[in-house]
$ cat start35.cif   # mmCIF, C-alpha atoms and all ligand atoms
data_my_file
#
loop_
_atom_site.label_atom_id
_atom_site.label_comp_id
_atom_site.auth_asym_id
_atom_site.auth_seq_id
_atom_site.Cartn_x
_atom_site.Cartn_y
_atom_site.Cartn_z
CA MET A 247 25.91 51.60 37.02
CA THR A 248 29.27 50.21 38.12
CA ARG A 249 30.40 47.36 35.91
CA LEU A 250 31.25 44.19 37.80
CA VAL A 251 34.54 42.43 37.13
CA SER A 252 34.92 38.67 37.21
CA GLY A 253 36.65 38.88 40.62
CA ASP A 254 33.39 40.31 42.05
CA ILE A 255 31.49 37.28 40.83
CA LYS A 256 33.93 34.54 41.72
CA GLY A 257 32.53 32.34 44.45
CA ILE A 258 28.92 33.59 44.29
CA SER A 259 27.53 30.37 42.79
CA ALA A 260 29.27 28.03 45.21
CA GLY A 261 28.48 30.32 48.13
CA LEU A 262 24.70 30.52 47.60
CA PRO A 263 23.62 28.07 50.33
CA ALA A 264 25.88 29.78 52.89
CA TYR A 265 24.75 33.24 51.80
CA ASP A 266 21.12 32.15 52.11
CA GLN A 267 21.80 31.03 55.68
CA ARG A 268 23.49 34.33 56.52
CA LEU A 269 20.43 36.18 55.22
CA VAL A 270 18.14 34.02 57.37
CA PHE A 271 20.30 34.81 60.39
CA ARG A 272 20.16 38.56 59.69
CA THR A 273 16.53 38.96 58.56
CA GLY A 274 14.62 35.76 59.34
CA MET A 275 14.27 35.07 55.60
CA GLY A 276 16.45 33.65 52.84
CA LEU A 277 17.04 34.93 49.31
CA LEU A 278 13.65 33.90 47.93
CA GLY A 279 11.77 34.96 51.07
CA ILE A 280 13.29 38.46 51.04
CA ALA A 281 12.66 38.89 47.30
CA CYS A 282 9.04 37.79 47.74
CA HIS A 283 8.65 40.07 50.75
CA GLY A 284 10.01 42.93 48.63
CA HIS A 285 7.14 42.31 46.22
CA GLY A 286 4.55 41.49 48.86
CA VAL A 287 3.90 37.97 47.56
CA SER A 288 3.89 34.59 49.22
CA ASP A 289 7.04 32.53 48.74
CA VAL A 290 5.04 29.28 48.75
CA SER A 291 3.02 30.36 45.74
CA MET A 292 6.14 31.83 44.08
CA ARG A 293 8.04 28.55 44.47
CA GLU A 294 5.28 26.79 42.52
CA GLN A 295 5.40 29.36 39.70
CA MET A 296 9.18 29.14 39.52
CA ALA A 297 9.27 25.37 39.18
CA SER A 298 7.57 25.61 35.79
CA PHE A 299 9.36 28.71 34.48
CA THR A 300 12.29 28.32 32.08
CA VAL A 301 14.92 31.00 31.47
CA HIS A 302 17.83 31.57 29.13
CA VAL A 303 20.52 33.93 30.37
CA VAL A 304 21.84 35.49 27.17
CA PRO A 305 25.47 36.73 27.21
CA VAL A 306 25.89 40.18 25.61
CA THR A 307 29.07 41.00 23.73
CA ALA A 308 28.21 44.68 23.05
CA GLY A 309 30.18 47.50 24.68
CA GLN A 310 32.91 46.21 26.94
CA GLY A 311 31.81 42.66 26.23
CA ILE A 312 31.31 39.53 28.25
CA ILE A 313 32.22 39.38 31.93
CA SER A 314 33.60 35.94 32.60
CA GLN A 315 31.10 33.87 34.64
CA PHE A 316 28.49 36.65 34.74
CA SER A 317 25.78 34.72 32.86
CA ALA A 318 26.67 31.44 34.58
CA THR A 319 26.36 33.13 37.97
CA VAL A 320 22.99 34.67 37.11
CA ALA A 321 21.79 31.22 35.97
CA ALA A 322 23.11 29.66 39.20
CA ILE A 323 21.18 32.20 41.31
CA LEU A 324 17.99 31.47 39.32
CA ASN A 325 18.51 27.73 39.71
CA PHE A 326 19.05 28.16 43.44
CA LEU A 327 15.64 29.86 43.61
CA GLY A 328 14.03 26.96 41.76
CA ILE A 329 13.81 28.36 38.22
CA GLN A 330 14.98 26.17 35.35
CA ALA A 331 17.68 28.46 33.96
CA ARG A 332 20.68 27.95 31.72
CA VAL A 333 23.19 30.08 29.87
CA SER A 334 22.20 30.39 26.22
CA PRO A 335 24.67 28.78 23.81
CA GLN A 336 24.17 31.88 21.62
CA THR A 337 24.98 35.51 22.43
CA ASP A 338 23.16 38.77 21.68
CA ASN A 339 20.36 38.74 19.08
CA ALA A 340 21.05 35.12 18.19
CA GLY A 341 20.43 34.30 21.85
CA ILE A 342 17.07 36.10 21.83
CA ASP A 343 16.20 34.34 18.58
CA LEU A 344 17.04 30.92 20.06
CA ALA A 345 15.13 31.58 23.29
CA CYS A 346 11.99 32.44 21.31
CA LYS A 347 12.38 29.45 18.98
CA GLU A 348 12.91 27.05 21.90
CA GLY A 349 9.83 28.51 23.65
CA VAL A 350 11.53 29.42 26.92
CA ASP A 351 9.48 31.58 29.29
CA GLY A 352 12.00 34.28 30.06
CA ILE A 353 15.32 35.91 29.23
CA LEU A 354 17.81 37.73 31.43
CA MET A 355 20.54 39.75 29.76
CA ALA A 356 22.83 42.68 30.59
CA ASP A 357 24.80 45.19 28.58
CA ASP A 358 26.97 47.88 30.19
CA HIS A 359 23.97 50.11 30.95
CA GLN A 360 21.00 47.89 31.69
CA PHE A 361 20.41 44.46 33.13
CA VAL A 362 16.89 43.37 32.24
CA GLY A 363 14.61 40.39 32.61
CA LEU A 364 11.87 39.70 30.04
CA ASN A 365 8.87 37.48 30.66
CA LEU A 366 8.11 36.13 27.21
CA ARG A 367 4.72 34.80 28.33
CA ASN A 368 3.29 38.21 29.20
CA ARG A 369 5.89 40.76 27.97
CA LYS A 370 6.69 41.97 31.49
CA VAL A 371 10.10 43.64 31.77
CA VAL A 372 12.03 44.08 35.03
CA GLY A 373 15.21 46.07 35.66
CA ASN A 374 18.05 45.07 37.96
CA SER A 375 18.51 48.53 39.51
CA GLU A 376 14.86 48.85 40.54
CA GLU A 377 14.69 45.29 41.83
CA THR A 378 17.94 45.66 43.76
CA GLY A 379 16.66 48.80 45.49
CA ARG A 380 13.33 47.19 46.29
CA VAL A 381 14.73 43.97 47.70
CA PHE A 382 17.53 45.55 49.76
CA ALA A 383 14.93 47.94 51.22
CA ALA A 384 12.79 44.95 52.17
CA ALA A 385 15.84 43.30 53.78
CA LEU A 386 16.60 46.46 55.77
CA GLY A 387 12.98 46.59 56.91
CA LEU A 388 13.26 43.01 58.13
CA MET A 389 16.50 43.80 59.98
CA ALA A 390 14.76 46.81 61.55
CA GLY A 391 11.80 44.68 62.69
CA GLY A 392 9.41 46.80 60.58
CA ILE A 393 9.31 49.87 58.34
CA SER A 394 6.25 51.85 59.41
CA ALA A 395 7.16 55.20 61.03
CA GLU A 396 10.87 54.30 61.16
CA GLU A 397 13.46 56.80 59.93
CA PHE A 398 15.70 55.62 57.10
CA LEU A 399 18.70 57.26 55.51
CA VAL A 400 19.10 56.55 51.79
CA VAL A 401 22.61 57.33 50.56
CA GLY A 402 22.85 57.60 46.77
CA CYS A 403 19.96 59.04 44.77
CA GLY A 404 20.27 57.04 41.53
CA PRO A 405 17.78 54.39 40.35
CA VAL A 406 18.69 51.91 43.12
CA GLY A 407 18.30 54.54 45.86
CA GLU A 408 15.05 55.76 44.35
CA ALA A 409 13.53 52.28 44.21
CA ALA A 410 14.67 51.60 47.78
CA ALA A 411 13.17 54.86 49.04
CA LYS A 412 9.87 54.11 47.28
CA ARG A 413 9.70 50.62 48.80
CA LEU A 414 10.39 52.01 52.29
CA MET A 415 7.84 54.80 51.83
CA SER A 416 5.22 52.33 50.60
CA GLU A 417 5.12 50.95 54.16
CA GLY A 418 5.21 54.33 55.87
CA GLY A 419 8.99 54.70 56.31
CA ARG A 420 10.29 58.27 56.72
CA ILE A 421 13.20 59.03 54.43
CA THR A 422 16.25 61.27 54.55
CA LEU A 423 18.19 61.46 51.29
CA PHE A 424 21.88 62.12 50.85
CA ASP A 425 23.92 62.22 47.67
CA ILE A 426 27.40 63.59 47.12
CA ASP A 427 25.77 65.53 44.26
CA PRO A 428 23.21 67.87 45.90
CA ALA A 429 21.34 68.27 42.59
CA ALA A 430 20.68 64.49 42.53
CA SER A 431 19.16 64.53 46.04
CA GLU A 432 17.07 67.58 45.15
CA ARG A 433 15.72 65.90 41.99
CA LEU A 434 14.78 62.76 43.88
CA HIS A 435 13.31 64.78 46.74
CA LYS A 436 11.03 66.52 44.24
CA ARG A 437 9.85 63.19 42.80
CA LEU A 438 9.25 61.58 46.20
CA SER A 439 7.67 64.50 48.07
CA PRO A 440 4.15 63.72 46.78
CA VAL A 441 4.53 60.12 48.01
CA GLY A 442 5.36 60.65 51.71
CA GLN A 443 7.71 62.12 54.28
CA VAL A 444 11.12 62.83 52.79
CA CYS A 445 13.89 65.35 53.52
CA ILE A 446 17.51 65.99 52.48
CA ALA A 447 20.62 65.82 54.69
CA GLY A 448 23.27 68.49 54.23
CA SER A 449 26.25 66.24 54.93
CA ILE A 450 27.00 62.57 55.47
CA ASP A 451 28.32 63.35 58.98
CA GLU A 452 25.03 64.98 59.96
CA ALA A 453 22.98 62.26 58.27
CA LEU A 454 24.77 59.36 59.96
CA ALA A 455 24.71 61.09 63.35
CA HIS A 456 20.91 60.98 63.25
CA HIS A 457 20.18 57.61 61.64
CA SER A 458 20.73 54.00 62.51
CA LEU A 459 18.83 52.45 59.55
CA ILE A 460 20.79 53.04 56.38
CA LEU A 461 20.36 52.02 52.77
CA ASP A 462 23.64 52.65 50.98
CA ALA A 463 22.89 52.74 47.25
CA SER A 464 25.89 54.88 46.35
CA PRO A 465 28.38 53.50 43.84
CA ALA A 466 31.34 54.83 45.85
CA ALA A 467 33.79 53.19 48.23
CA ASN A 468 33.80 54.82 51.69
CA ALA A 469 30.45 56.54 51.19
CA ILE A 470 29.84 55.42 54.79
CA PRO A 471 33.16 56.26 56.47
CA ASP A 472 34.37 53.91 59.24
CA ARG A 473 34.74 56.82 61.66
CA LEU A 474 30.96 57.43 61.52
CA LEU A 475 29.86 53.84 62.14
CA ASP A 476 27.92 53.08 65.28
CA ALA A 477 27.22 49.69 66.87
CA ASN A 478 23.43 50.30 66.65
CA MET A 479 23.42 50.80 62.90
CA ARG A 480 21.79 48.39 60.47
CA ILE A 481 22.93 48.83 56.90
CA ALA A 482 21.75 47.34 53.62
CA ALA A 483 24.37 48.08 51.00
CA PRO A 484 23.61 47.17 47.38
CA GLY A 485 26.11 49.71 46.05
CA VAL A 486 29.03 48.45 43.96
CA PRO A 487 31.68 48.95 45.21
CA SER A 488 30.37 48.77 48.76
CA GLY A 489 30.26 52.13 50.54
CA ILE A 490 31.30 50.36 53.73
CA SER A 491 34.88 49.19 54.07
CA ASP A 492 35.78 45.56 54.86
CA MET A 493 36.63 46.77 58.35
CA GLY A 494 33.21 48.39 58.65
CA ILE A 495 31.50 45.18 57.51
CA GLU A 496 33.54 43.23 60.06
CA TYR A 497 32.56 45.73 62.78
CA LEU A 498 28.82 45.62 62.02
CA GLN A 499 28.81 41.83 61.50
CA GLU A 500 25.21 40.55 61.25
CA ARG A 501 23.86 44.11 61.10
CA VAL A 502 25.03 44.61 57.52
CA ILE A 503 23.81 43.06 54.25
CA HIS A 504 25.89 43.50 51.12
CA ASP A 505 26.04 41.51 47.93
CA LYS A 506 26.82 42.30 44.33
CA LEU A 507 24.25 40.22 42.47
CA GLU A 508 22.24 37.74 44.53
CA LEU A 509 19.38 39.81 46.00
CA GLY A 510 18.94 41.90 42.84
CA VAL A 511 18.64 38.82 40.63
CA ALA A 512 16.23 37.25 43.13
CA GLY A 513 14.11 40.42 42.96
CA MET A 514 14.15 40.25 39.16
CA ALA A 515 13.05 36.62 39.20
CA VAL A 516 10.12 37.33 41.52
CA GLY A 517 9.24 40.48 39.57
CA LEU A 518 9.02 38.47 36.36
CA LEU A 519 6.53 36.03 37.89
CA ILE A 520 4.58 38.24 40.24
CA GLU A 521 1.41 38.42 38.12
CA SER A 522 0.62 34.78 38.76
CA ALA A 523 1.60 34.61 42.47
CA SER A 524 -0.71 35.19 45.43
CA ARG A 525 -0.20 38.11 47.85
CA GLU A 526 1.57 37.71 51.22
C1 LIG A 601 24.38 43.88 36.72
C2 LIG A 601 25.45 44.43 37.51
C3 LIG A 601 25.16 44.90 38.88
C4 LIG A 601 26.22 45.83 39.08
N1 LIG A 601 26.78 46.18 37.97
C5 LIG A 601 26.13 45.62 36.85
C6 LIG A 601 27.06 45.25 35.71
O1 LIG A 601 28.15 44.79 35.94
N2 LIG A 601 26.59 45.45 34.49
C7 LIG A 601 27.34 45.06 33.31
C8 LIG A 601 26.99 43.63 32.95
C9 LIG A 601 27.61 43.25 31.61
C10 LIG A 601 27.42 41.75 31.31
C11 LIG A 601 28.05 41.32 30.04
C12 LIG A 601 27.81 39.82 29.84
O2 LIG A 601 28.60 39.00 30.35
O3 LIG A 601 26.82 39.43 29.22
N3 LIG A 601 27.54 42.02 28.88
#
$ encode --input "start35.cif" --output "structure tokens"
Amino acid sequence: MTRLVSGDIKGISAGLPAYDQRLVFRTGMGLLGIACHGHGVSDVSMREQMASFTVHVVPVTAGQGIISQFSATVAAILNFLGIQARVSPQTDNAGIDLACKEGVDGILMADDHQFVGLNLRNRKVVGNSEETGRVFAAALGLMAGGISAEEFLVVGCGPVGEAAAKRLMSEGGRITLFDIDPAASERLHKRLSPVGQVCIAGSIDEALAHHSLILDASPAANAIPDRLLDANMRIAAPGVPSGISDMGIEYLQERVIHDKLELGVAGMAVGLLIESASRE
């Protein structure tokens, strides 16, 4: 997992309404709608659940420590979705202690390895990597006008890529995997083969020559080189840093979705509350 720096986060909170609009323009749905679609639940019912759900975002000082504005930005995203969230005045274990004593419904907290959400009402735990993969896959499906029988290239075979591939396969998407580390694509191929149609590409050049629907979950800049971009491509890119250059993003315009925190946190929020929401 690539660690964000405060420069990555700057501007996310203030930019949420505009980002939501950009998502609607690209997919027909905003942040909450895409996250609900990723989970197959109705956003109307989810909105109701969220209005009565309280969250503390607990800053974590362990490892490399606090990222300035990280917790505040997570709380801002949750508030934008309609959850009553605030940054805990306490960090680490004291923050967990306070959340339980105050009777809040959920906690979100991240160390350098895992960003988790805990539903204290029912003990459900959600992970940012899985939710990010799921929700970006749902966004790509919306950009594609549907997932069933479409061919998708998943670049990066870590937890985000795996969750994205599973979400695409759950609706009948056909998957080609590519990872700079062939052993990683082979491991994921083995896990996914029982689930549906999946194969491995030998090179990124070959893979991009044959695909226009791409999920870039690699944590590497230039994973999708500019020289291989095509005007027909649609790319969902949760990887940090983005595998597409700024020039590539400019070239693809409304056919690319990339953010560093927003969709993943929205997926976590919906995942925490899904038990009580009705299906789409
Ligand atoms: C959750 C993000 C998504 C991409 N990279 C992940 C990351 O930066 N993880 C580290 C988060 C550390 C947060 C710090 C704090 O401010 O509480 N412990």
$ residues_around --input "start35.cif" --residues "Met296 (chain A)" --least-positions-apart "5" --cutoff "12 Å" --atoms "all atoms listed in the file" --output "PyMOL selection string"
chain A and resi 278+282+289-291+301+324-331+351-352+512+515-520+522-523
$ residues_around --input "start35.cif" --residues "Ser464 (chain A)" --least-positions-apart "2" --cutoff "9 Å" --atoms "all atoms listed in the file" --output "JSON, numbers by chain"
{"A": [400, 401, 402, 403, 404, 406, 407, 425, 426, 461, 462, 466, 467, 469, 483, 484, 485, 486, 487, 488, 489]}
$ write_last_selection --input "start35.cif" --atoms "C-alpha atoms" --output "PDB file, in the coordinates of the input"
ATOM      1  CA  VAL A 400      19.100  56.550  51.790  1.00  0.00           C
ATOM      2  CA  VAL A 401      22.610  57.330  50.560  1.00  0.00           C
ATOM      3  CA  GLY A 402      22.850  57.600  46.770  1.00  0.00           C
ATOM      4  CA  CYS A 403      19.960  59.040  44.770  1.00  0.00           C
ATOM      5  CA  GLY A 404      20.270  57.040  41.530  1.00  0.00           C
ATOM      6  CA  VAL A 406      18.690  51.910  43.120  1.00  0.00           C
ATOM      7  CA  GLY A 407      18.300  54.540  45.860  1.00  0.00           C
ATOM      8  CA  ASP A 425      23.920  62.220  47.670  1.00  0.00           C
ATOM      9  CA  ILE A 426      27.400  63.590  47.120  1.00  0.00           C
ATOM     10  CA  LEU A 461      20.360  52.020  52.770  1.00  0.00           C
ATOM     11  CA  ASP A 462      23.640  52.650  50.980  1.00  0.00           C
ATOM     12  CA  ALA A 466      31.340  54.830  45.850  1.00  0.00           C
ATOM     13  CA  ALA A 467      33.790  53.190  48.230  1.00  0.00           C
ATOM     14  CA  ALA A 469      30.450  56.540  51.190  1.00  0.00           C
ATOM     15  CA  ALA A 483      24.370  48.080  51.000  1.00  0.00           C
ATOM     16  CA  PRO A 484      23.610  47.170  47.380  1.00  0.00           C
ATOM     17  CA  GLY A 485      26.110  49.710  46.050  1.00  0.00           C
ATOM     18  CA  VAL A 486      29.030  48.450  43.960  1.00  0.00           C
ATOM     19  CA  PRO A 487      31.680  48.950  45.210  1.00  0.00           C
ATOM     20  CA  SER A 488      30.370  48.770  48.760  1.00  0.00           C
ATOM     21  CA  GLY A 489      30.260  52.130  50.540  1.00  0.00           C
TER      22      GLY A 489
END
$ atom_distance --input "start35.cif" --atom1 "CA of Pro263 (chain A)" --atom2 "CA of Gly513 (chain A)"
17.2 Å
$ closest_residue --input "start35.cif" --among "A:Asp472, A:Glu526, A:Asp427, A:Glu408" --to "Val441 (chain A)" --atoms "all atoms listed in the file"
A:Glu408
$ closest_residue --input "start35.cif" --among "A:Gly257, A:Gly373, A:Gly274, A:Gly494" --to "ligand LIG 601 (chain A)" --atoms "all atoms listed in the file"
A:Gly373
$ atom_distance --input "start35.cif" --atom1 "CA of Val320 (chain A)" --atom2 "CA of Phe271 (chain A)"
23.4 Å
$ residues_around --input "start35.cif" --residues "region 306-311 of chain A" --least-positions-apart "6" --cutoff "8 Å" --atoms "only C-alpha atoms" --output "ChimeraX atom specification"
/A:337-338,355-358
$ build_atoms --input "start35.cif" --residues "region 420-431 of chain A" --atoms "all heavy atoms" --output "PDB file, in the coordinates of the input"
ATOM      1  N   ARG A 420       9.963  56.850  56.927  1.00  0.00           N
ATOM      2  CA  ARG A 420      10.290  58.270  56.720  1.00  0.00           C
ATOM      3  C   ARG A 420      11.731  58.345  56.221  1.00  0.00           C
ATOM      4  O   ARG A 420      12.622  57.711  56.804  1.00  0.00           O
ATOM      5  CB  ARG A 420      10.092  59.042  58.013  1.00  0.00           C
ATOM      6  CG  ARG A 420       8.607  59.066  58.374  1.00  0.00           C
ATOM      7  CD  ARG A 420       8.330  59.858  59.605  1.00  0.00           C
ATOM      8  NE  ARG A 420       8.806  59.159  60.782  1.00  0.00           N
ATOM      9  CZ  ARG A 420       8.752  59.666  62.008  1.00  0.00           C
ATOM     10  NH1 ARG A 420       8.272  60.869  62.207  1.00  0.00           N
ATOM     11  NH2 ARG A 420       9.187  58.983  63.044  1.00  0.00           N
ATOM     12  N   ILE A 421      11.939  59.118  55.163  1.00  0.00           N
ATOM     13  CA  ILE A 421      13.200  59.030  54.430  1.00  0.00           C
ATOM     14  C   ILE A 421      14.004  60.318  54.502  1.00  0.00           C
ATOM     15  O   ILE A 421      13.468  61.408  54.303  1.00  0.00           O
ATOM     16  CB  ILE A 421      12.918  58.741  52.924  1.00  0.00           C
ATOM     17  CG1 ILE A 421      12.032  57.508  52.748  1.00  0.00           C
ATOM     18  CG2 ILE A 421      14.223  58.604  52.139  1.00  0.00           C
ATOM     19  CD1 ILE A 421      12.623  56.212  53.249  1.00  0.00           C
ATOM     20  N   THR A 422      15.307  60.172  54.760  1.00  0.00           N
ATOM     21  CA  THR A 422      16.250  61.270  54.550  1.00  0.00           C
ATOM     22  C   THR A 422      17.158  60.843  53.401  1.00  0.00           C
ATOM     23  O   THR A 422      17.650  59.708  53.386  1.00  0.00           O
ATOM     24  CB  THR A 422      17.087  61.538  55.812  1.00  0.00           C
ATOM     25  OG1 THR A 422      16.198  61.915  56.862  1.00  0.00           O
ATOM     26  CG2 THR A 422      18.089  62.660  55.586  1.00  0.00           C
ATOM     27  N   LEU A 423      17.357  61.760  52.458  1.00  0.00           N
ATOM     28  CA  LEU A 423      18.190  61.460  51.290  1.00  0.00           C
ATOM     29  C   LEU A 423      19.542  62.149  51.431  1.00  0.00           C
ATOM     30  O   LEU A 423      19.623  63.278  51.909  1.00  0.00           O
ATOM     31  CB  LEU A 423      17.532  61.996  50.020  1.00  0.00           C
ATOM     32  CG  LEU A 423      16.134  61.476  49.682  1.00  0.00           C
ATOM     33  CD1 LEU A 423      15.553  62.281  48.524  1.00  0.00           C
ATOM     34  CD2 LEU A 423      16.198  59.990  49.322  1.00  0.00           C
ATOM     35  N   PHE A 424      20.580  61.441  50.975  1.00  0.00           N
ATOM     36  CA  PHE A 424      21.880  62.120  50.850  1.00  0.00           C
ATOM     37  C   PHE A 424      22.551  61.626  49.565  1.00  0.00           C
ATOM     38  O   PHE A 424      22.556  60.425  49.272  1.00  0.00           O
ATOM     39  CB  PHE A 424      22.814  61.833  52.032  1.00  0.00           C
ATOM     40  CG  PHE A 424      24.149  62.482  51.829  1.00  0.00           C
ATOM     41  CD1 PHE A 424      24.306  63.852  52.030  1.00  0.00           C
ATOM     42  CD2 PHE A 424      25.236  61.751  51.358  1.00  0.00           C
ATOM     43  CE1 PHE A 424      25.520  64.479  51.781  1.00  0.00           C
ATOM     44  CE2 PHE A 424      26.455  62.368  51.110  1.00  0.00           C
ATOM     45  CZ  PHE A 424      26.598  63.735  51.319  1.00  0.00           C
ATOM     46  N   ASP A 425      23.089  62.572  48.826  1.00  0.00           N
ATOM     47  CA  ASP A 425      23.920  62.220  47.670  1.00  0.00           C
ATOM     48  C   ASP A 425      25.069  63.212  47.629  1.00  0.00           C
ATOM     49  O   ASP A 425      24.900  64.379  47.988  1.00  0.00           O
ATOM     50  CB  ASP A 425      23.099  62.307  46.361  1.00  0.00           C
ATOM     51  CG  ASP A 425      23.777  61.595  45.198  1.00  0.00           C
ATOM     52  OD1 ASP A 425      24.836  62.091  44.732  1.00  0.00           O
ATOM     53  OD2 ASP A 425      23.274  60.548  44.771  1.00  0.00           O
ATOM     54  N   ILE A 426      26.218  62.733  47.220  1.00  0.00           N
ATOM     55  CA  ILE A 426      27.400  63.590  47.120  1.00  0.00           C
ATOM     56  C   ILE A 426      27.127  64.743  46.142  1.00  0.00           C
ATOM     57  O   ILE A 426      27.695  65.831  46.263  1.00  0.00           O
ATOM     58  CB  ILE A 426      28.631  62.728  46.698  1.00  0.00           C
ATOM     59  CG1 ILE A 426      29.942  63.443  46.919  1.00  0.00           C
ATOM     60  CG2 ILE A 426      28.524  62.212  45.301  1.00  0.00           C
ATOM     61  CD1 ILE A 426      30.369  63.391  48.358  1.00  0.00           C
ATOM     62  N   ASP A 427      26.198  64.498  45.211  1.00  0.00           N
ATOM     63  CA  ASP A 427      25.770  65.530  44.260  1.00  0.00           C
ATOM     64  C   ASP A 427      24.435  66.112  44.752  1.00  0.00           C
ATOM     65  O   ASP A 427      23.394  65.465  44.615  1.00  0.00           O
ATOM     66  CB  ASP A 427      25.611  64.891  42.871  1.00  0.00           C
ATOM     67  CG  ASP A 427      24.984  65.849  41.870  1.00  0.00           C
ATOM     68  OD1 ASP A 427      24.860  67.047  42.175  1.00  0.00           O
ATOM     69  OD2 ASP A 427      24.610  65.372  40.774  1.00  0.00           O
ATOM     70  N   PRO A 428      24.450  67.320  45.324  1.00  0.00           N
ATOM     71  CA  PRO A 428      23.210  67.870  45.900  1.00  0.00           C
ATOM     72  C   PRO A 428      22.076  67.958  44.882  1.00  0.00           C
ATOM     73  O   PRO A 428      20.904  67.789  45.244  1.00  0.00           O
ATOM     74  CB  PRO A 428      23.625  69.277  46.369  1.00  0.00           C
ATOM     75  CG  PRO A 428      25.109  69.256  46.437  1.00  0.00           C
ATOM     76  CD  PRO A 428      25.587  68.231  45.463  1.00  0.00           C
ATOM     77  N   ALA A 429      22.407  68.164  43.606  1.00  0.00           N
ATOM     78  CA  ALA A 429      21.340  68.270  42.590  1.00  0.00           C
ATOM     79  C   ALA A 429      20.602  66.933  42.470  1.00  0.00           C
ATOM     80  O   ALA A 429      19.386  66.904  42.238  1.00  0.00           O
ATOM     81  CB  ALA A 429      21.938  68.674  41.248  1.00  0.00           C
ATOM     82  N   ALA A 430      21.321  65.822  42.642  1.00  0.00           N
ATOM     83  CA  ALA A 430      20.680  64.490  42.530  1.00  0.00           C
ATOM     84  C   ALA A 430      19.705  64.297  43.690  1.00  0.00           C
ATOM     85  O   ALA A 430      18.584  63.797  43.492  1.00  0.00           O
ATOM     86  CB  ALA A 430      21.741  63.400  42.537  1.00  0.00           C
ATOM     87  N   SER A 431      20.101  64.692  44.912  1.00  0.00           N
ATOM     88  CA  SER A 431      19.160  64.530  46.040  1.00  0.00           C
ATOM     89  C   SER A 431      17.964  65.462  45.874  1.00  0.00           C
ATOM     90  O   SER A 431      16.841  65.098  46.203  1.00  0.00           O
ATOM     91  CB  SER A 431      19.829  64.684  47.396  1.00  0.00           C
ATOM     92  OG  SER A 431      20.879  65.581  47.356  1.00  0.00           O
TER      93      SER A 431
END
